[in-house]
file final-v4.pdb (PDB, C-alpha atoms, pLDDT in the B column)
ATOM      1  CA  MET A   1      49.329  56.864  25.764  1.00 88.00           C
ATOM      2  CA  ILE A   2      52.841  57.362  27.107  1.00 95.00           C
ATOM      3  CA  ARG A   3      55.976  55.623  25.919  1.00 96.00           C
ATOM      4  CA  VAL A   4      59.408  56.074  27.489  1.00 97.00           C
ATOM      5  CA  GLU A   5      62.437  54.400  25.955  1.00 97.00           C
ATOM      6  CA  ASN A   6      65.947  54.427  27.464  1.00 97.00           C
ATOM      7  CA  LEU A   7      65.332  57.791  29.137  1.00 98.00           C
ATOM      8  CA  GLU A   8      68.484  59.487  30.442  1.00 98.00           C
ATOM      9  CA  LYS A   9      68.788  62.731  32.394  1.00 98.00           C
ATOM     10  CA  THR A  10      71.999  64.174  33.769  1.00 97.00           C
ATOM     11  CA  TYR A  11      72.948  67.229  35.802  1.00 94.00           C
ATOM     12  CA  GLY A  12      76.628  67.849  35.249  1.00 93.00           C
ATOM     13  CA  ASP A  13      78.359  64.566  35.998  1.00 92.00           C
ATOM     14  CA  VAL A  14      75.384  63.106  37.881  1.00 94.00           C
ATOM     15  CA  ARG A  15      73.092  60.665  36.057  1.00 95.00           C
ATOM     16  CA  VAL A  16      69.672  61.205  37.596  1.00 97.00           C
ATOM     17  CA  LEU A  17      67.689  58.953  35.248  1.00 98.00           C
ATOM     18  CA  LYS A  18      69.432  55.866  33.941  1.00 97.00           C
ATOM     19  CA  GLY A  19      67.770  54.269  30.948  1.00 96.00           C
ATOM     20  CA  LEU A  20      64.125  54.154  32.061  1.00 96.00           C
ATOM     21  CA  SER A  21      61.710  52.354  29.731  1.00 95.00           C
ATOM     22  CA  PHE A  22      57.968  51.784  30.172  1.00 95.00           C
ATOM     23  CA  GLU A  23      54.582  52.306  28.526  1.00 94.00           C
ATOM     24  CA  VAL A  24      51.266  53.556  29.899  1.00 95.00           C
ATOM     25  CA  GLY A  25      48.225  52.672  27.835  1.00 94.00           C
ATOM     26  CA  PRO A  26      45.132  54.851  27.315  1.00 93.00           C
ATOM     27  CA  ARG A  27      42.776  55.191  30.306  1.00 94.00           C
ATOM     28  CA  THR A  28      45.456  53.758  32.557  1.00 96.00           C
ATOM     29  CA  VAL A  29      47.073  55.032  35.761  1.00 97.00           C
ATOM     30  CA  LEU A  30      50.756  54.456  36.436  1.00 97.00           C
ATOM     31  CA  GLY A  31      51.858  55.001  40.019  1.00 97.00           C
ATOM     32  CA  VAL A  32      55.531  55.893  40.492  1.00 97.00           C
ATOM     33  CA  ILE A  33      56.960  55.081  43.914  1.00 97.00           C
ATOM     34  CA  GLY A  34      60.375  55.199  45.517  1.00 95.00           C
ATOM     35  CA  GLY A  35      62.362  56.995  48.161  1.00 92.00           C
ATOM     36  CA  SER A  36      63.382  60.641  48.107  1.00 90.00           C
ATOM     37  CA  GLY A  37      66.065  61.277  45.511  1.00 91.00           C
ATOM     38  CA  SER A  38      65.098  58.308  43.362  1.00 95.00           C
ATOM     39  CA  GLY A  39      64.303  60.515  40.341  1.00 96.00           C
ATOM     40  CA  LYS A  40      60.502  60.422  40.438  1.00 95.00           C
ATOM     41  CA  SER A  41      59.883  64.162  40.119  1.00 93.00           C
ATOM     42  CA  THR A  42      62.608  64.499  37.484  1.00 96.00           C
ATOM     43  CA  LEU A  43      60.806  61.834  35.471  1.00 97.00           C
ATOM     44  CA  LEU A  44      57.597  63.871  35.572  1.00 95.00           C
ATOM     45  CA  ARG A  45      59.439  67.016  34.520  1.00 95.00           C
ATOM     46  CA  CYS A  46      60.877  65.164  31.532  1.00 97.00           C
ATOM     47  CA  LEU A  47      57.431  63.865  30.577  1.00 96.00           C
ATOM     48  CA  ASN A  48      56.006  67.381  30.251  1.00 93.00           C
ATOM     49  CA  GLY A  49      59.096  69.040  28.801  1.00 95.00           C
ATOM     50  CA  LEU A  50      60.188  71.055  31.831  1.00 94.00           C
ATOM     51  CA  GLU A  51      63.521  69.223  31.649  1.00 96.00           C
ATOM     52  CA  ARG A  52      65.219  68.430  28.370  1.00 97.00           C
ATOM     53  CA  ILE A  53      66.063  64.742  28.123  1.00 98.00           C
ATOM     54  CA  ASP A  54      69.707  63.794  27.576  1.00 97.00           C
ATOM     55  CA  GLY A  55      69.119  60.360  26.099  1.00 97.00           C
ATOM     56  CA  GLY A  56      66.326  58.212  24.737  1.00 97.00           C
ATOM     57  CA  VAL A  57      62.763  59.037  23.755  1.00 98.00           C
ATOM     58  CA  VAL A  58      59.634  60.338  25.489  1.00 97.00           C
ATOM     59  CA  GLU A  59      56.298  60.106  23.690  1.00 96.00           C
ATOM     60  CA  ALA A  60      53.090  61.437  25.260  1.00 94.00           C
ATOM     61  CA  GLY A  61      49.831  62.693  23.813  1.00 87.00           C
ATOM     62  CA  GLY A  62      51.045  61.838  20.334  1.00 91.00           C
ATOM     63  CA  VAL A  63      54.134  64.088  20.634  1.00 95.00           C
ATOM     64  CA  ARG A  64      57.615  62.571  20.459  1.00 97.00           C
ATOM     65  CA  LEU A  65      60.635  64.106  22.181  1.00 98.00           C
ATOM     66  CA  GLU A  66      64.069  62.764  21.254  1.00 97.00           C
ATOM     67  CA  ALA A  67      67.367  63.661  22.842  1.00 96.00           C
ATOM     68  CA  THR A  68      68.910  64.063  19.391  1.00 96.00           C
ATOM     69  CA  LEU A  69      66.562  66.874  18.326  1.00 97.00           C
ATOM     70  CA  GLY A  70      67.947  70.358  17.792  1.00 97.00           C
ATOM     71  CA  ALA A  71      67.043  73.054  20.307  1.00 96.00           C
ATOM     72  CA  GLY A  72      64.489  74.792  18.067  1.00 97.00           C
ATOM     73  CA  GLU A  73      62.613  71.639  17.096  1.00 98.00           C
ATOM     74  CA  TYR A  74      62.696  70.349  20.667  1.00 97.00           C
ATOM     75  CA  ALA A  75      61.151  73.599  21.938  1.00 97.00           C
ATOM     76  CA  ARG A  76      58.474  73.476  19.217  1.00 97.00           C
ATOM     77  CA  ARG A  77      57.507  69.937  20.182  1.00 97.00           C
ATOM     78  CA  VAL A  78      57.437  70.792  23.881  1.00 96.00           C
ATOM     79  CA  LYS A  79      54.980  73.595  23.141  1.00 92.00           C
ATOM     80  CA  THR A  80      52.735  71.119  21.341  1.00 94.00           C
ATOM     81  CA  LEU A  81      53.231  68.513  24.067  1.00 94.00           C
ATOM     82  CA  ARG A  82      51.904  70.834  26.754  1.00 89.00           C
ATOM     83  CA  ARG A  83      48.585  71.125  24.921  1.00 88.00           C
ATOM     84  CA  HIS A  84      48.136  67.384  25.451  1.00 92.00           C
ATOM     85  CA  VAL A  85      49.854  66.823  28.808  1.00 94.00           C
ATOM     86  CA  GLY A  86      48.739  68.566  32.003  1.00 92.00           C
ATOM     87  CA  MET A  87      50.622  68.614  35.303  1.00 91.00           C
ATOM     88  CA  VAL A  88      49.572  69.204  38.902  1.00 90.00           C
ATOM     89  CA  PHE A  89      52.622  70.165  40.946  1.00 84.00           C
ATOM     90  CA  GLN A  90      53.207  69.411  44.618  1.00 76.00           C
ATOM     91  CA  HIS A  91      53.484  73.180  45.116  1.00 74.00           C
ATOM     92  CA  LEU A  92      50.283  74.284  43.459  1.00 74.00           C
ATOM     93  CA  TYR A  93      51.232  77.730  42.108  1.00 85.00           C
ATOM     94  CA  LEU A  94      47.665  79.038  42.059  1.00 92.00           C
ATOM     95  CA  PHE A  95      47.346  82.704  41.126  1.00 94.00           C
ATOM     96  CA  PRO A  96      46.598  84.407  44.477  1.00 95.00           C
ATOM     97  CA  HIS A  97      44.833  87.368  42.850  1.00 96.00           C
ATOM     98  CA  LEU A  98      42.365  85.148  40.980  1.00 97.00           C
ATOM     99  CA  THR A  99      39.384  83.239  42.351  1.00 97.00           C
ATOM    100  CA  ALA A 100      39.123  79.476  41.956  1.00 97.00           C
ATOM    101  CA  LEU A 101      37.053  80.115  38.833  1.00 97.00           C
ATOM    102  CA  GLY A 102      39.605  82.614  37.529  1.00 97.00           C
ATOM    103  CA  ASN A 103      42.455  80.171  38.057  1.00 97.00           C
ATOM    104  CA  VAL A 104      40.644  77.500  36.044  1.00 97.00           C
ATOM    105  CA  THR A 105      39.650  79.797  33.161  1.00 97.00           C
ATOM    106  CA  GLU A 106      42.982  81.638  32.832  1.00 96.00           C
ATOM    107  CA  ALA A 107      44.816  79.207  30.525  1.00 92.00           C
ATOM    108  CA  PRO A 108      41.867  78.241  28.293  1.00 94.00           C
ATOM    109  CA  VAL A 109      41.085  81.912  27.609  1.00 96.00           C
ATOM    110  CA  HIS A 110      44.602  83.318  27.269  1.00 93.00           C
ATOM    111  CA  VAL A 111      46.513  80.300  25.919  1.00 88.00           C
ATOM    112  CA  ALA A 112      43.976  78.139  24.077  1.00 88.00           C
ATOM    113  CA  ARG A 113      41.873  81.164  23.003  1.00 93.00           C
ATOM    114  CA  VAL A 114      38.625  79.628  24.232  1.00 95.00           C
ATOM    115  CA  ARG A 115      35.716  82.067  24.411  1.00 97.00           C
ATOM    116  CA  PRO A 116      35.304  83.380  27.989  1.00 96.00           C
ATOM    117  CA  ALA A 117      31.702  82.198  28.291  1.00 97.00           C
ATOM    118  CA  GLU A 118      32.648  78.698  27.152  1.00 97.00           C
ATOM    119  CA  ALA A 119      35.687  78.622  29.455  1.00 96.00           C
ATOM    120  CA  ARG A 120      33.537  79.730  32.396  1.00 97.00           C
ATOM    121  CA  SER A 121      30.945  77.038  31.725  1.00 97.00           C
ATOM    122  CA  THR A 122      33.606  74.333  31.514  1.00 95.00           C
ATOM    123  CA  ALA A 123      35.378  75.630  34.630  1.00 96.00           C
ATOM    124  CA  LEU A 124      32.173  75.578  36.688  1.00 97.00           C
ATOM    125  CA  GLU A 125      31.527  72.023  35.541  1.00 93.00           C
ATOM    126  CA  LEU A 126      35.047  70.944  36.520  1.00 92.00           C
ATOM    127  CA  LEU A 127      34.905  72.697  39.890  1.00 94.00           C
ATOM    128  CA  GLY A 128      31.637  70.906  40.526  1.00 91.00           C
ATOM    129  CA  ALA A 129      33.247  67.595  39.586  1.00 85.00           C
ATOM    130  CA  VAL A 130      35.963  68.092  42.225  1.00 86.00           C
ATOM    131  CA  GLY A 131      33.446  69.189  44.869  1.00 87.00           C
ATOM    132  CA  LEU A 132      34.070  72.938  44.735  1.00 93.00           C
ATOM    133  CA  GLY A 133      31.074  74.189  42.791  1.00 93.00           C
ATOM    134  CA  GLU A 134      29.963  76.388  45.692  1.00 95.00           C
ATOM    135  CA  LYS A 135      33.436  77.875  46.194  1.00 97.00           C
ATOM    136  CA  ALA A 136      34.139  79.069  42.656  1.00 97.00           C
ATOM    137  CA  ASP A 137      34.306  82.719  43.751  1.00 97.00           C
ATOM    138  CA  ARG A 138      36.731  82.192  46.627  1.00 97.00           C
ATOM    139  CA  PHE A 139      40.372  83.216  46.442  1.00 97.00           C
ATOM    140  CA  PRO A 140      43.116  80.659  47.203  1.00 95.00           C
ATOM    141  CA  ASP A 141      43.859  82.080  50.655  1.00 95.00           C
ATOM    142  CA  ALA A 142      40.232  81.376  51.628  1.00 97.00           C
ATOM    143  CA  LEU A 143      40.540  77.705  50.642  1.00 94.00           C
ATOM    144  CA  SER A 144      42.057  74.826  52.566  1.00 89.00           C
ATOM    145  CA  GLY A 145      45.124  73.038  51.256  1.00 84.00           C
ATOM    146  CA  GLY A 146      42.980  70.189  49.998  1.00 83.00           C
ATOM    147  CA  GLU A 147      40.605  72.584  48.255  1.00 89.00           C
ATOM    148  CA  GLN A 148      43.515  74.356  46.584  1.00 90.00           C
ATOM    149  CA  GLN A 149      44.745  70.956  45.399  1.00 86.00           C
ATOM    150  CA  ARG A 150      41.385  70.304  43.761  1.00 88.00           C
ATOM    151  CA  VAL A 151      41.403  73.730  42.090  1.00 93.00           C
ATOM    152  CA  ALA A 152      44.795  72.835  40.620  1.00 91.00           C
ATOM    153  CA  ILE A 153      43.370  69.570  39.276  1.00 89.00           C
ATOM    154  CA  ALA A 154      40.413  71.393  37.721  1.00 92.00           C
ATOM    155  CA  ARG A 155      42.829  73.934  36.212  1.00 93.00           C
ATOM    156  CA  ALA A 156      44.870  71.164  34.589  1.00 91.00           C
ATOM    157  CA  LEU A 157      41.744  69.437  33.273  1.00 89.00           C
ATOM    158  CA  ALA A 158      40.426  72.700  31.780  1.00 92.00           C
ATOM    159  CA  MET A 159      43.006  72.448  28.997  1.00 91.00           C
ATOM    160  CA  LYS A 160      41.510  69.053  28.073  1.00 87.00           C
ATOM    161  CA  PRO A 161      44.771  67.093  28.194  1.00 91.00           C
ATOM    162  CA  GLU A 162      44.991  63.461  27.174  1.00 92.00           C
ATOM    163  CA  VAL A 163      47.607  62.840  29.867  1.00 95.00           C
ATOM    164  CA  LEU A 164      47.705  64.128  33.449  1.00 94.00           C
ATOM    165  CA  LEU A 165      50.821  64.083  35.642  1.00 95.00           C
ATOM    166  CA  PHE A 166      50.609  64.413  39.437  1.00 93.00           C
ATOM    167  CA  ASP A 167      53.461  65.081  41.858  1.00 92.00           C
ATOM    168  CA  GLU A 168      52.473  64.049  45.412  1.00 88.00           C
ATOM    169  CA  PRO A 169      48.776  64.958  45.050  1.00 86.00           C
ATOM    170  CA  THR A 170      47.873  63.911  48.614  1.00 82.00           C
ATOM    171  CA  SER A 171      50.518  65.992  50.410  1.00 77.00           C
ATOM    172  CA  ALA A 172      47.906  68.507  51.647  1.00 70.00           C
ATOM    173  CA  LEU A 173      45.026  66.076  52.215  1.00 75.00           C
ATOM    174  CA  ASP A 174      43.645  64.274  55.230  1.00 79.00           C
ATOM    175  CA  PRO A 175      42.604  60.583  54.890  1.00 82.00           C
ATOM    176  CA  ARG A 176      38.980  61.354  53.975  1.00 81.00           C
ATOM    177  CA  ARG A 177      39.967  63.848  51.290  1.00 78.00           C
ATOM    178  CA  THR A 178      42.591  61.419  50.020  1.00 83.00           C
ATOM    179  CA  ALA A 179      39.908  58.787  49.479  1.00 85.00           C
ATOM    180  CA  GLU A 180      37.681  61.342  47.758  1.00 83.00           C
ATOM    181  CA  LEU A 181      40.504  62.386  45.447  1.00 85.00           C
ATOM    182  CA  ARG A 182      41.227  58.771  44.528  1.00 88.00           C
ATOM    183  CA  ALA A 183      37.586  58.252  43.541  1.00 88.00           C
ATOM    184  CA  THR A 184      37.567  61.533  41.582  1.00 86.00           C
ATOM    185  CA  LEU A 185      40.676  60.613  39.606  1.00 90.00           C
ATOM    186  CA  ARG A 186      39.330  57.156  38.769  1.00 90.00           C
ATOM    187  CA  GLY A 187      36.283  58.924  37.361  1.00 89.00           C
ATOM    188  CA  PHE A 188      38.471  61.044  35.096  1.00 88.00           C
ATOM    189  CA  VAL A 189      40.277  57.893  33.924  1.00 92.00           C
ATOM    190  CA  ARG A 190      36.936  56.406  32.929  1.00 90.00           C
ATOM    191  CA  ASP A 191      36.302  59.607  30.971  1.00 89.00           C
ATOM    192  CA  GLY A 192      39.405  58.906  28.896  1.00 90.00           C
ATOM    193  CA  HIS A 193      42.413  60.384  30.698  1.00 92.00           C
ATOM    194  CA  THR A 194      45.765  58.661  31.149  1.00 95.00           C
ATOM    195  CA  MET A 195      47.668  59.453  34.352  1.00 96.00           C
ATOM    196  CA  VAL A 196      51.082  59.189  35.951  1.00 97.00           C
ATOM    197  CA  VAL A 197      51.008  59.731  39.721  1.00 96.00           C
ATOM    198  CA  VAL A 198      54.138  60.162  41.845  1.00 95.00           C
ATOM    199  CA  THR A 199      53.301  59.447  45.474  1.00 93.00           C
ATOM    200  CA  HIS A 200      54.659  58.302  48.810  1.00 89.00           C
ATOM    201  CA  SER A 201      51.187  57.144  49.900  1.00 89.00           C
ATOM    202  CA  MET A 202      50.680  53.428  49.334  1.00 91.00           C
ATOM    203  CA  SER A 203      47.100  53.653  50.612  1.00 89.00           C
ATOM    204  CA  PHE A 204      46.376  56.264  47.930  1.00 91.00           C
ATOM    205  CA  VAL A 205      47.958  54.405  45.050  1.00 93.00           C
ATOM    206  CA  ASP A 206      46.251  51.142  46.066  1.00 93.00           C
ATOM    207  CA  GLY A 207      42.921  51.297  44.270  1.00 91.00           C
ATOM    208  CA  LEU A 208      44.022  54.106  41.948  1.00 95.00           C
ATOM    209  CA  ALA A 209      46.989  52.768  39.967  1.00 97.00           C
ATOM    210  CA  ASP A 210      46.706  50.013  37.390  1.00 97.00           C
ATOM    211  CA  TYR A 211      50.493  49.622  37.240  1.00 97.00           C
ATOM    212  CA  LEU A 212      53.359  50.604  39.518  1.00 97.00           C
ATOM    213  CA  LEU A 213      56.928  51.601  38.782  1.00 97.00           C
ATOM    214  CA  TYR A 214      59.348  51.356  41.700  1.00 97.00           C
ATOM    215  CA  MET A 215      62.504  53.457  41.268  1.00 97.00           C
ATOM    216  CA  GLU A 216      65.828  53.655  43.068  1.00 96.00           C
ATOM    217  CA  ALA A 217      68.684  56.003  42.117  1.00 96.00           C
ATOM    218  CA  GLY A 218      67.149  56.766  38.725  1.00 96.00           C
ATOM    219  CA  GLU A 219      66.639  53.146  37.718  1.00 96.00           C
ATOM    220  CA  THR A 220      63.628  50.885  37.318  1.00 95.00           C
ATOM    221  CA  ILE A 221      63.780  48.260  40.035  1.00 97.00           C
ATOM    222  CA  GLU A 222      60.360  46.754  39.399  1.00 96.00           C
ATOM    223  CA  TYR A 223      57.415  47.442  37.107  1.00 96.00           C
ATOM    224  CA  GLY A 224      54.153  45.534  37.051  1.00 95.00           C
ATOM    225  CA  GLU A 225      50.480  45.363  37.863  1.00 96.00           C
ATOM    226  CA  ALA A 226      49.757  47.386  40.991  1.00 96.00           C
ATOM    227  CA  LYS A 227      47.916  44.688  42.941  1.00 94.00           C
ATOM    228  CA  GLN A 228      50.641  42.132  42.297  1.00 94.00           C
ATOM    229  CA  LEU A 229      53.487  44.477  43.137  1.00 96.00           C
ATOM    230  CA  LEU A 230      51.869  45.731  46.347  1.00 95.00           C
ATOM    231  CA  THR A 231      51.104  42.241  47.665  1.00 94.00           C
ATOM    232  CA  ASP A 232      53.847  40.071  46.181  1.00 94.00           C
ATOM    233  CA  ALA A 233      56.745  42.147  44.868  1.00 96.00           C
ATOM    234  CA  ARG A 234      59.445  40.067  43.210  1.00 95.00           C
ATOM    235  CA  ASP A 235      62.505  42.213  43.930  1.00 96.00           C
ATOM    236  CA  PRO A 236      63.745  42.271  47.554  1.00 96.00           C
ATOM    237  CA  ARG A 237      64.459  46.009  47.265  1.00 96.00           C
ATOM    238  CA  THR A 238      60.815  46.651  46.406  1.00 96.00           C
ATOM    239  CA  ARG A 239      59.647  44.474  49.280  1.00 95.00           C
ATOM    240  CA  GLU A 240      61.904  46.324  51.706  1.00 95.00           C
ATOM    241  CA  PHE A 241      60.644  49.721  50.537  1.00 95.00           C
ATOM    242  CA  LEU A 242      57.017  48.661  50.839  1.00 94.00           C
ATOM    243  CA  SER A 243      57.580  47.245  54.317  1.00 92.00           C
ATOM    244  CA  HIS A 244      58.593  50.719  55.521  1.00 87.00           C
ATOM    245  CA  ALA A 245      56.080  52.668  53.398  1.00 81.00           C
ATOM    246  CA  ARG A 246      52.854  51.085  54.592  1.00 67.00           C
TER     247      ARG A 246
END
call {"tool": "encode", "arguments": {"input": "final-v4.pdb", "output": "structure tokens"}}
result
Amino acid sequence: MIRVENLEKTYGDVRVLKGLSFEVGPRTVLGVIGGSGSGKSTLLRCLNGLERIDGGVVEAGGVRLEATLGAGEYARRVKTLRRHVGMVFQHLYLFPHLTALGNVTEAPVHVARVRPAEARSTALELLGAVGLGEKADRFPDALSGGEQQRVAIARALAMKPEVLLFDEPTSALDPRRTAELRATLRGFVRDGHTMVVVTHSMSFVDGLADYLLYMEAGETIEYGEAKQLLTDARDPRTREFLSHAR
């Protein structure tokens, strides 16, 4: 579960996030949509502790971050948070010197101290689940952009997070692979994961997200059930955005 209450983030004199509040229940997907510069990626970075929040509360995976916490306690909680919250970045940051299998086993072995044989078994299972079981021994430069994206998803899942965050997961995918990824992620939701997905692709989020959050200039413009918001948005700003995004 994720809970965000009056979330504020500033850079100097610029307020990037302005009092965001929402909840995402277990086994639920929240899609976050909005134009460039609306604060979507900053929101994700606050949810996994990459950015310190300047106001409000973020709670994810049972870990609570508060803007009022001291630096030491905040850092301690972020470390715990990242054991429960995984993130797949738009720029994938795969290790080029490691195979797909090596990329997926790296964190479980060296961070979570999982036995190598166990980590390998889990990694092979995850690579199979994302359609890459036969490419486990390939290096990133021998994989397509879409295949690298799926390695990154398997890598995040290998740490067994309760919550998964995605920043533009379809940026390197063609329409067929986009549909495959949507089906794969819904399968992981059924297995118990909670997800927040930032995307510009309305076709991707339709059928994946249970709820949608539309943002402009760091503010919540509209939040509601995905089907309702996509077909009958209440706010004229949401309707205008969707008319150009389809």
call {"tool": "resolve_selection", "arguments": {"input": "final-v4.pdb", "expression": "the PyMOL selection byres ((chain A and resi 140) around 7)", "output": "JSON, numbers by chain"}}
result
{"A": [96, 99, 100, 138, 139, 141, 142, 143, 148]}
call {"tool": "closest_residue", "arguments": {"input": "final-v4.pdb", "among": "A:His110, A:Arg190, A:Arg182, A:Arg52", "to": "Pro26 (chain A)", "atoms": "all atoms listed in the file"}}
result
A:Arg190
call {"tool": "closest_atom_pairs", "arguments": {"input": "final-v4.pdb", "of": "region 147-175 of chain A", "to": "region 112-130 of chain A", "cutoff": "12 Å", "atoms": "only C-alpha atoms", "output": "tab-separated table"}}
result
residue	atom	partner	partner_atom	distance
A:Glu147	CA	A:Val130	CA	8.8
A:Gln148	CA	A:Val130	CA	10.7
A:Gln149	CA	A:Val130	CA	9.8
A:Arg150	CA	A:Val130	CA	6.1
A:Val151	CA	A:Leu127	CA	6.9
A:Ala152	CA	A:Leu127	CA	9.9
A:Ile153	CA	A:Val130	CA	8.1
A:Ala154	CA	A:Leu126	CA	5.5
A:Arg155	CA	A:Ala123	CA	7.8
A:Ala156	CA	A:Leu126	CA	10.0
A:Leu157	CA	A:Leu126	CA	7.6
A:Ala158	CA	A:Ala123	CA	6.5
A:Met159	CA	A:Ala112	CA	7.6
A:Lys160	CA	A:Thr122	CA	10.1
A:Pro161	CA	A:Ala112	CA	11.8
call {"tool": "resolve_selection", "arguments": {"input": "final-v4.pdb", "expression": "the PyMOL selection byres ((chain A and resi 32) around 12)", "output": "ChimeraX atom specification"}}
result
/A:22,24,29-31,33-36,38-44,165-168,195-202,204-206,208-216,218-226,229
call {"tool": "closest_residue", "arguments": {"input": "final-v4.pdb", "among": "A:Gly55, A:Gly49, A:Gly131, A:Gly192", "to": "Val16 (chain A)", "atoms": "all atoms listed in the file"}}
result
A:Gly55
call {"tool": "residues_around", "arguments": {"input": "final-v4.pdb", "residues": "Gly19 (chain A)", "least_positions_apart": "6", "cutoff": "6 Å", "atoms": "all atoms listed in the file", "output": "MDAnalysis selection string"}}
result
chainID A and resid 6:8
call {"tool": "atom_distance", "arguments": {"input": "final-v4.pdb", "atom1": "CA of Lys135 (chain A)", "atom2": "CA of Leu101 (chain A)"}}
result
8.5 Å
call {"tool": "residues_around", "arguments": {"input": "final-v4.pdb", "residues": "Leu81 (chain A)", "least_positions_apart": "5", "cutoff": "10 Å", "atoms": "only C-alpha atoms", "output": "ChimeraX atom specification"}}
result
/A:47-49,59-65,75-76,86,161,163
call {"tool": "atom_distance", "arguments": {"input": "final-v4.pdb", "atom1": "CA of Thr238 (chain A)", "atom2": "CA of Ala217 (chain A)"}}
result
13.0 Å
call {"tool": "residues_around", "arguments": {"input": "final-v4.pdb", "residues": "Ala172 (chain A)", "least_positions_apart": "5", "cutoff": "10 Å", "atoms": "all atoms listed in the file", "output": "list in words"}}
result
Gln90, His91, Ser144, Gly145, Gly146, Glu147, Gln148, Gln149, Arg177 and Thr178 of chain A
call {"tool": "build_atoms", "arguments": {"input": "final-v4.pdb", "residues": "region 45-50 of chain A", "atoms": "all heavy atoms", "output": "short mmCIF file (atom, residue, chain, number, x, y, z; two decimals), in the coordinates of the input"}}
result
data_model
loop_
_atom_site.label_atom_id
_atom_site.label_comp_id
_atom_site.auth_asym_id
_atom_site.auth_seq_id
_atom_site.Cartn_x
_atom_site.Cartn_y
_atom_site.Cartn_z
N ARG A 45 59.03 65.78 35.20
CA ARG A 45 59.44 67.02 34.52
C ARG A 45 59.94 66.73 33.10
O ARG A 45 59.82 67.58 32.22
CB ARG A 45 60.50 67.74 35.35
CG ARG A 45 59.94 68.26 36.67
CD ARG A 45 61.05 68.78 37.59
NE ARG A 45 61.67 69.98 37.05
CZ ARG A 45 61.22 71.22 37.22
NH1 ARG A 45 60.12 71.42 37.92
NH2 ARG A 45 61.86 72.25 36.71
N CYS A 46 60.49 65.56 32.89
CA CYS A 46 60.88 65.16 31.53
C CYS A 46 59.65 64.83 30.68
O CYS A 46 59.63 65.10 29.48
CB CYS A 46 61.81 63.95 31.58
SG CYS A 46 63.48 64.30 32.20
N LEU A 47 58.64 64.26 31.32
CA LEU A 47 57.43 63.86 30.58
C LEU A 47 56.65 65.07 30.07
O LEU A 47 55.94 64.95 29.07
CB LEU A 47 56.52 63.00 31.45
CG LEU A 47 57.02 61.59 31.79
CD1 LEU A 47 56.02 60.88 32.69
CD2 LEU A 47 57.26 60.77 30.52
N ASN A 48 56.74 66.21 30.75
CA ASN A 48 56.01 67.38 30.25
C ASN A 48 56.92 68.46 29.68
O ASN A 48 56.49 69.56 29.41
CB ASN A 48 55.09 67.96 31.33
CG ASN A 48 55.79 68.88 32.29
OD1 ASN A 48 57.01 68.78 32.48
ND2 ASN A 48 55.05 69.78 32.90
N GLY A 49 58.19 68.13 29.49
CA GLY A 49 59.10 69.04 28.80
C GLY A 49 59.73 70.11 29.66
O GLY A 49 60.44 70.98 29.13
N LEU A 50 59.53 70.07 30.97
CA LEU A 50 60.19 71.06 31.83
C LEU A 50 61.69 70.82 31.91
O LEU A 50 62.46 71.74 32.17
CB LEU A 50 59.59 71.00 33.24
CG LEU A 50 58.26 71.73 33.41
CD1 LEU A 50 57.68 71.43 34.79
CD2 LEU A 50 58.42 73.22 33.22
#
